[in-house]
Amino acid sequence: MAKAKGLVFPLGLVLVWVLLGCTGTLNSQILPSLGEVLETFGYLFREGLLWSHLSSSLFRVFAGFALATLVGVPIGILMGCVPQSREWFGPTLHFLRQIPPTALIPVFLLWFGIGEAPKLAVIFYAAIFPIIVNGALGVQEIPQDYFEVSRVLCLSPWKTLRNLVIPGSWGSVFTGLRLGMGMSWRAIVAAEMLASTSGLGYLVMTARSLARVDEMFVGILVIGFMGILIDAAFITLENHLIPMWRSAKRVGRGERDAKCASRTAPSLQEV
Amino acid sequence: MPSALLELRQVSKRFRRDDEENTLEALGEVSFTVQKGEFLSIIGPSGCGKSTLLRIIAGLITPSTGECLHNGQLVSKPSLERGLVFQDPRLFPWLTVRENIGLAGNRSEELLETMDLQGFGDALPHDLSGGMASRVALARALAPRPNLLLLDEPLANLDQKLRSKLQGELRGIWKKEGVTCILVTHDIEEALALGTRLLVLSKRPGRILRDTPLMCLEDREALKPQVLAWMEG
Ligand SMILES: Nc1ncnc2c1ncn2[C@@H]1O[C@H](COP(=O)(O)OP(=O)(O)O)[C@@H](O)[C@H]1O
Ligand SMILES: [Mg+2]
């Protein structure tokens, strides 16, 4: 039911779009009709152009995201475990995450040239902060009582990490990965708009300069749908990977998302 | 001279209050010794510092004054020679019963049997009843074969029937494992039923009011009104 409600508005918009197209009042240099857009979509799809742009965007995102995961998860967990590290590095982190990754594109172009490296850097930058912050929060949210158990049982740091810190923070770490992925997807499109010869961002940008408004809309819609698909894939993965004990006291999706949203903006001390 | 298994010398604890400069005296100066093989019951009203006392003995916190010696050695940090069972089971929810018991020690199977938990080795804590969770917590503390077992009201959250059943089991384990036990509780029945010796603590800050051996059953029954009177006075 809730899902159906969410579909009413977009379907209404599509309907208005179709009706406007039927009246013939649409200027295709400003807003092409849905029919035109779908036709162009079919053309780009058949020619393999869409797939080649999509795949180069996806490849960049996954590469940069994997790098951010490898670096960000250990840093986040470390910052969660060691209050000292939060005191030393928290403010720096807080400063860095205020800078939108797109604002750094010129810098990355200057430093890393015009190949793949600056794009990977943008994605890395976009993804790593939610990963670090949620990782740290996940560890901090583990009840202190459990750490007392670990002390009484004289568990080694490694055993504590394996049996307490990682499983205890896993849900939050995963939320961070999901948010980080969303950030990188948005960032890659922006990066490709500035300096690239492939990718969805490039598709949208060149379509604009060639006055191919229909192609522009195809690109934009694909970006949006792809983002939703990636997020859905993460949620499915999460439901499979997060073990039973968690699903037992799982709250409704709405509440959970609200919680996730609040996690994207923690105060300095929380970092 | 045969030295005691555990010796406390003028141990006390003050907590700093986070809002002001002044401090809270949680535990008055207490001194006592425990011999190997004893089952010491410590009874005192809520908030008199019983948990604090056990946490000091366990090595989780350091006393503000005095010192605590276990086997003649100063207690400064937790050790596998001392087991602590918390008031709540505190099982790791993501580990199975077997994994929880095996966190420190490699005799999960044996303890599953001792604790009457056969068939629950692969269960997760949230599938357990309160009584079973308490038994798992006990097994986890026993796994490294401590010579001193500290019990912080381990049965407080259970209903009366289950409590008397587990009291019997606790007594059995004390005999079977040959482990020296210190049990703190605010329940007179429990203190009298389990201990071979009873310490009565005053209201906060807890100080020792009485130290008395518990002999035969009749003795214990007769002691009940007396203990109540001691705790009042
Ligand atoms: N870590 C702590 N910080 C401050 N006060 C504490 C702390 N632990 C216990 N206290 C206080 O010390 C007193 C004794 O606590 P506790 O040892 O838990 O009593 P009991 O176990 O006998 O009920 C209580 O007033 C409690 O609020
Ligand atoms: Mg207590």
# chains A, B, ... in the order shown; residues from 1 in each chain; ligands from 1
>>> closest_atom_pairs(of="chain B", to="ligand 2", cutoff="8 Å", atoms="only C-alpha atoms and all ligand atoms", output="Markdown table")
| residue | atom | partner | partner_atom_place_in_ligand_line | distance |
| --- | --- | --- | --- | --- |
| B:Ser46 | CA | ligand 2 | 1 (Mg) | 6.9 |
| B:Gly47 | CA | ligand 2 | 1 (Mg) | 6.7 |
| B:Gly49 | CA | ligand 2 | 1 (Mg) | 7.1 |
| B:Lys50 | CA | ligand 2 | 1 (Mg) | 5.6 |
| B:Ser51 | CA | ligand 2 | 1 (Mg) | 4.2 |
| B:Thr52 | CA | ligand 2 | 1 (Mg) | 7.4 |
| B:Gln87 | CA | ligand 2 | 1 (Mg) | 7.0 |
| B:Asp152 | CA | ligand 2 | 1 (Mg) | 6.6 |
| B:Glu153 | CA | ligand 2 | 1 (Mg) | 7.0 |
| B:Thr185 | CA | ligand 2 | 1 (Mg) | 7.8 |
>>> write_last_selection(atoms="all heavy atoms", output="PDB file, in the first residue's frame")
ATOM      1  N   SER B  46      19.963  -2.463  48.499  1.00  0.00           N
ATOM      2  CA  SER B  46      20.278  -1.959  47.160  1.00  0.00           C
ATOM      3  C   SER B  46      21.083  -0.668  47.252  1.00  0.00           C
ATOM      4  O   SER B  46      20.798   0.180  48.092  1.00  0.00           O
ATOM      5  CB  SER B  46      18.986  -1.675  46.391  1.00  0.00           C
ATOM      6  OG  SER B  46      18.517  -2.851  45.808  1.00  0.00           O
ATOM      7  N   GLY B  47      22.091  -0.558  46.430  1.00  0.00           N
ATOM      8  CA  GLY B  47      22.873   0.683  46.375  1.00  0.00           C
ATOM      9  C   GLY B  47      23.947   0.785  47.436  1.00  0.00           C
ATOM     10  O   GLY B  47      24.575   1.831  47.576  1.00  0.00           O
ATOM     11  N   GLY B  49      26.728  -0.773  47.496  1.00  0.00           N
ATOM     12  CA  GLY B  49      28.074  -0.936  46.934  1.00  0.00           C
ATOM     13  C   GLY B  49      28.459  -2.380  46.672  1.00  0.00           C
ATOM     14  O   GLY B  49      29.639  -2.674  46.488  1.00  0.00           O
ATOM     15  N   LYS B  50      27.477  -3.267  46.596  1.00  0.00           N
ATOM     16  CA  LYS B  50      27.788  -4.686  46.372  1.00  0.00           C
ATOM     17  C   LYS B  50      28.421  -4.910  45.003  1.00  0.00           C
ATOM     18  O   LYS B  50      29.447  -5.574  44.877  1.00  0.00           O
ATOM     19  CB  LYS B  50      26.503  -5.539  46.492  1.00  0.00           C
ATOM     20  CG  LYS B  50      25.795  -5.422  47.813  1.00  0.00           C
ATOM     21  CD  LYS B  50      24.601  -6.346  47.907  1.00  0.00           C
ATOM     22  CE  LYS B  50      23.494  -6.035  46.898  1.00  0.00           C
ATOM     23  NZ  LYS B  50      22.847  -4.719  47.125  1.00  0.00           N
ATOM     24  N   SER B  51      27.790  -4.346  43.980  1.00  0.00           N
ATOM     25  CA  SER B  51      28.360  -4.510  42.631  1.00  0.00           C
ATOM     26  C   SER B  51      29.734  -3.872  42.559  1.00  0.00           C
ATOM     27  O   SER B  51      30.661  -4.418  41.961  1.00  0.00           O
ATOM     28  CB  SER B  51      27.452  -3.872  41.582  1.00  0.00           C
ATOM     29  OG  SER B  51      26.210  -4.527  41.549  1.00  0.00           O
ATOM     30  N   THR B  52      29.864  -2.710  43.179  1.00  0.00           N
ATOM     31  CA  THR B  52      31.157  -2.018  43.200  1.00  0.00           C
ATOM     32  C   THR B  52      32.222  -2.914  43.823  1.00  0.00           C
ATOM     33  O   THR B  52      33.334  -3.032  43.291  1.00  0.00           O
ATOM     34  CB  THR B  52      31.026  -0.707  43.997  1.00  0.00           C
ATOM     35  OG1 THR B  52      29.976   0.072  43.404  1.00  0.00           O
ATOM     36  CG2 THR B  52      32.316   0.078  43.994  1.00  0.00           C
ATOM     37  N   GLN B  87      24.847  -9.064  36.704  1.00  0.00           N
ATOM     38  CA  GLN B  87      23.444  -9.148  37.107  1.00  0.00           C
ATOM     39  C   GLN B  87      22.545  -9.520  35.911  1.00  0.00           C
ATOM     40  O   GLN B  87      21.626 -10.296  36.038  1.00  0.00           O
ATOM     41  CB  GLN B  87      23.019  -7.805  37.697  1.00  0.00           C
ATOM     42  CG  GLN B  87      21.680  -7.836  38.366  1.00  0.00           C
ATOM     43  CD  GLN B  87      21.514  -6.672  39.316  1.00  0.00           C
ATOM     44  OE1 GLN B  87      22.478  -6.066  39.768  1.00  0.00           O
ATOM     45  NE2 GLN B  87      20.280  -6.346  39.624  1.00  0.00           N
ATOM     46  N   ASP B 152      27.140 -11.616  40.799  1.00  0.00           N
ATOM     47  CA  ASP B 152      26.451 -10.366  41.133  1.00  0.00           C
ATOM     48  C   ASP B 152      24.951 -10.528  40.912  1.00  0.00           C
ATOM     49  O   ASP B 152      24.453 -10.302  39.809  1.00  0.00           O
ATOM     50  CB  ASP B 152      27.000  -9.224  40.259  1.00  0.00           C
ATOM     51  CG  ASP B 152      26.502  -7.869  40.734  1.00  0.00           C
ATOM     52  OD1 ASP B 152      25.677  -7.826  41.671  1.00  0.00           O
ATOM     53  OD2 ASP B 152      26.937  -6.862  40.158  1.00  0.00           O
ATOM     54  N   GLU B 153      24.256 -10.905  41.939  1.00  0.00           N
ATOM     55  CA  GLU B 153      22.803 -11.137  41.857  1.00  0.00           C
ATOM     56  C   GLU B 153      22.424 -11.827  40.551  1.00  0.00           C
ATOM     57  O   GLU B 153      21.577 -11.333  39.806  1.00  0.00           O
ATOM     58  CB  GLU B 153      22.030  -9.823  41.975  1.00  0.00           C
ATOM     59  CG  GLU B 153      22.538  -8.964  43.125  1.00  0.00           C
ATOM     60  CD  GLU B 153      21.522  -7.947  43.597  1.00  0.00           C
ATOM     61  OE1 GLU B 153      20.314  -8.227  43.504  1.00  0.00           O
ATOM     62  OE2 GLU B 153      21.941  -6.876  44.079  1.00  0.00           O
ATOM     63  N   THR B 185      23.930 -10.293  46.971  1.00  0.00           N
ATOM     64  CA  THR B 185      22.497 -10.294  46.737  1.00  0.00           C
ATOM     65  C   THR B 185      21.816  -9.385  47.757  1.00  0.00           C
ATOM     66  O   THR B 185      22.407  -9.034  48.777  1.00  0.00           O
ATOM     67  CB  THR B 185      21.930 -11.730  46.864  1.00  0.00           C
ATOM     68  OG1 THR B 185      20.529 -11.695  46.702  1.00  0.00           O
ATOM     69  CG2 THR B 185      22.257 -12.331  48.218  1.00  0.00           C
TER      70      THR B 185
END
>>> residues_near_ligand(ligand="ligand 1", cutoff="10 Å", atoms="only C-alpha atoms and all ligand atoms", output="PyMOL selection string")
chain B and resi 13-18+23-27+42-56+61+87+152-153+184-186+201-206
>>> closest_atom_pairs(of="chain A", to="chain B", cutoff="8 Å", atoms="only C-alpha atoms", output="tab-separated table")
residue	atom	partner	partner_atom	distance
A:Asp145	CA	B:Arg90	CA	7.1
A:Tyr146	CA	B:Arg90	CA	6.5
A:Glu148	CA	B:Leu60	CA	7.7
A:Val149	CA	B:Arg90	CA	7.4
A:Arg151	CA	B:Pro78	CA	6.6
A:Val152	CA	B:Pro78	CA	5.3
A:Leu153	CA	B:Ala104	CA	5.9
A:Cys154	CA	B:Ser79	CA	6.5
A:Leu155	CA	B:Ala104	CA	7.0
A:Asn163	CA	B:Leu95	CA	7.7
A:Leu164	CA	B:Phe92	CA	7.4
A:Pro167	CA	B:Trp94	CA	6.7
A:Gly168	CA	B:Trp94	CA	7.7
A:Pro243	CA	B:Trp94	CA	7.5
A:Trp245	CA	B:Trp94	CA	6.3
>>> residues_around(residues="Gln118 (chain B)", least_positions_apart="4", cutoff="12 Å", atoms="only C-alpha atoms", output="count of residues only")
14
>>> residues_around(residues="region 208-214 of chain B", least_positions_apart="6", cutoff="10 Å", atoms="only C-alpha atoms", output="short mmCIF file (atom, residue, chain, number, x, y, z; two decimals) with N, CA and C atoms, in the first residue's frame")
data_model
loop_
_atom_site.label_atom_id
_atom_site.label_comp_id
_atom_site.auth_asym_id
_atom_site.auth_seq_id
_atom_site.Cartn_x
_atom_site.Cartn_y
_atom_site.Cartn_z
N GLY B 28 32.14 1.76 51.81
CA GLY B 28 32.98 2.13 52.96
C GLY B 28 34.17 1.18 53.03
N GLU B 29 35.04 1.41 54.02
CA GLU B 29 36.22 0.54 54.12
C GLU B 29 35.80 -0.86 54.54
N VAL B 30 36.10 -1.83 53.74
CA VAL B 30 35.81 -3.21 54.11
C VAL B 30 37.09 -4.03 54.07
N SER B 31 37.21 -4.93 55.04
CA SER B 31 38.34 -5.86 55.10
C SER B 31 37.77 -7.24 55.41
N PHE B 32 38.16 -8.22 54.64
CA PHE B 32 37.79 -9.60 54.96
C PHE B 32 38.67 -10.53 54.13
N PHE B 39 31.87 -20.67 50.22
CA PHE B 39 30.81 -20.04 49.42
C PHE B 39 30.34 -18.86 50.26
N LEU B 40 30.85 -17.70 49.95
CA LEU B 40 30.56 -16.52 50.76
C LEU B 40 29.36 -15.77 50.18
N SER B 41 28.33 -15.62 51.02
CA SER B 41 27.19 -14.79 50.62
C SER B 41 27.39 -13.40 51.21
N ILE B 42 27.21 -12.38 50.39
CA ILE B 42 27.26 -11.01 50.91
C ILE B 42 25.90 -10.40 50.69
N ILE B 43 25.28 -9.96 51.78
CA ILE B 43 23.95 -9.37 51.64
C ILE B 43 24.00 -7.92 52.08
N GLY B 44 23.25 -7.11 51.38
CA GLY B 44 23.19 -5.69 51.74
C GLY B 44 22.07 -5.05 50.95
N ALA B 191 20.81 -15.61 50.07
CA ALA B 191 22.08 -15.54 50.79
C ALA B 191 22.19 -16.70 51.78
N LEU B 192 21.10 -16.96 52.47
CA LEU B 192 21.12 -18.03 53.48
C LEU B 192 21.13 -19.41 52.83
N ALA B 193 20.44 -19.55 51.74
CA ALA B 193 20.33 -20.87 51.11
C ALA B 193 21.66 -21.31 50.50
N LEU B 194 22.44 -20.37 49.99
CA LEU B 194 23.61 -20.76 49.21
C LEU B 194 24.92 -20.74 49.99
N GLY B 195 25.07 -19.80 50.90
CA GLY B 195 26.39 -19.57 51.49
C GLY B 195 26.82 -20.58 52.54
N THR B 196 28.14 -20.64 52.73
CA THR B 196 28.66 -21.33 53.90
C THR B 196 29.04 -20.30 54.95
N ARG B 197 28.96 -19.04 54.53
CA ARG B 197 29.32 -17.94 55.42
C ARG B 197 28.60 -16.70 54.90
N LEU B 198 28.25 -15.82 55.82
CA LEU B 198 27.45 -14.65 55.43
C LEU B 198 28.11 -13.36 55.91
N LEU B 199 28.23 -12.42 54.99
CA LEU B 199 28.65 -11.07 55.35
C LEU B 199 27.45 -10.16 55.20
N VAL B 200 27.17 -9.34 56.21
CA VAL B 200 26.06 -8.40 56.12
C VAL B 200 26.63 -6.99 55.97
N LEU B 201 26.21 -6.31 54.92
CA LEU B 201 26.69 -4.94 54.67
C LEU B 201 25.64 -3.93 55.09
N SER B 202 26.11 -2.75 55.53
CA SER B 202 25.20 -1.68 55.93
C SER B 202 24.70 -0.93 54.70
N ARG B 220 20.21 -21.63 59.64
CA ARG B 220 19.95 -20.62 58.61
C ARG B 220 18.57 -20.02 58.77
N LEU B 223 18.43 -17.65 61.56
CA LEU B 223 19.20 -16.42 61.35
C LEU B 223 18.39 -15.32 60.67
N VAL B 227 19.20 -11.39 60.74
CA VAL B 227 19.84 -10.67 59.64
C VAL B 227 19.05 -9.42 59.30
N TRP B 230 19.82 -6.83 61.79
CA TRP B 230 21.16 -6.26 61.57
C TRP B 230 21.14 -5.23 60.45
N MET B 231 20.42 -5.62 59.39
CA MET B 231 20.41 -4.72 58.23
C MET B 231 19.69 -3.42 58.55
N GLY B 233 19.44 -2.05 61.64
CA GLY B 233 20.26 -1.28 62.59
C GLY B 233 21.53 -0.89 61.91
#
>>> select_by_dssp(residues="region 115-162 of chain A", states="alpha helix (DSSP H)", output="PyMOL selection string")
chain A and resi 117-140+144-152+157-160
>>> decode(residues="region 92-108 of chain A", atoms="N, CA, C and O atoms", output="short mmCIF file (atom, residue, chain, number, x, y, z; two decimals), in the first residue's frame")
data_model
loop_
_atom_site.label_atom_id
_atom_site.label_comp_id
_atom_site.auth_asym_id
_atom_site.auth_seq_id
_atom_site.Cartn_x
_atom_site.Cartn_y
_atom_site.Cartn_z
N THR A 92 39.16 17.85 11.88
CA THR A 92 39.66 17.83 10.50
C THR A 92 38.64 17.15 9.59
O THR A 92 38.32 17.65 8.50
N LEU A 93 38.16 16.02 10.08
CA LEU A 93 37.19 15.26 9.30
C LEU A 93 35.94 16.11 9.05
O LEU A 93 35.40 16.14 7.95
N HIS A 94 35.53 16.83 10.12
CA HIS A 94 34.34 17.63 10.02
C HIS A 94 34.53 18.73 8.97
O HIS A 94 33.62 19.04 8.21
N PHE A 95 35.72 19.30 8.93
CA PHE A 95 36.01 20.34 7.93
C PHE A 95 35.96 19.74 6.53
O PHE A 95 35.31 20.27 5.63
N LEU A 96 36.65 18.63 6.35
CA LEU A 96 36.76 18.04 5.01
C LEU A 96 35.40 17.64 4.44
O LEU A 96 35.15 17.78 3.25
N ARG A 97 34.52 17.15 5.33
CA ARG A 97 33.26 16.68 4.77
C ARG A 97 32.30 17.81 4.44
O ARG A 97 31.24 17.57 3.86
N GLN A 98 32.65 19.04 4.81
CA GLN A 98 31.82 20.17 4.39
C GLN A 98 32.06 20.51 2.92
O GLN A 98 31.25 21.19 2.29
N ILE A 99 33.19 20.09 2.37
CA ILE A 99 33.53 20.45 1.00
C ILE A 99 32.87 19.46 0.04
O ILE A 99 33.16 18.27 0.10
N PRO A 100 31.98 19.93 -0.82
CA PRO A 100 31.34 19.00 -1.75
C PRO A 100 32.40 18.44 -2.70
O PRO A 100 33.29 19.17 -3.14
N PRO A 101 32.33 17.14 -2.99
CA PRO A 101 33.35 16.52 -3.85
C PRO A 101 33.47 17.24 -5.18
O PRO A 101 34.58 17.34 -5.73
N THR A 102 32.37 17.77 -5.68
CA THR A 102 32.43 18.43 -6.98
C THR A 102 33.30 19.69 -6.94
O THR A 102 33.92 20.06 -7.93
N ALA A 103 33.36 20.31 -5.75
CA ALA A 103 34.19 21.51 -5.63
C ALA A 103 35.66 21.16 -5.75
O ALA A 103 36.49 22.03 -6.01
N LEU A 104 35.97 19.89 -5.57
CA LEU A 104 37.37 19.48 -5.62
C LEU A 104 37.79 18.99 -7.00
O LEU A 104 38.96 18.70 -7.24
N ILE A 105 36.82 18.89 -7.91
CA ILE A 105 37.15 18.36 -9.24
C ILE A 105 38.29 19.15 -9.89
O ILE A 105 39.26 18.54 -10.36
N PRO A 106 38.23 20.50 -9.86
CA PRO A 106 39.35 21.25 -10.47
C PRO A 106 40.69 20.89 -9.84
O PRO A 106 41.69 20.76 -10.54
N VAL A 107 40.69 20.75 -8.53
CA VAL A 107 41.93 20.39 -7.84
C VAL A 107 42.42 19.02 -8.29
O VAL A 107 43.61 18.84 -8.59
N PHE A 108 41.50 18.07 -8.34
CA PHE A 108 41.89 16.72 -8.73
C PHE A 108 42.38 16.68 -10.18
O PHE A 108 43.29 15.93 -10.52
#
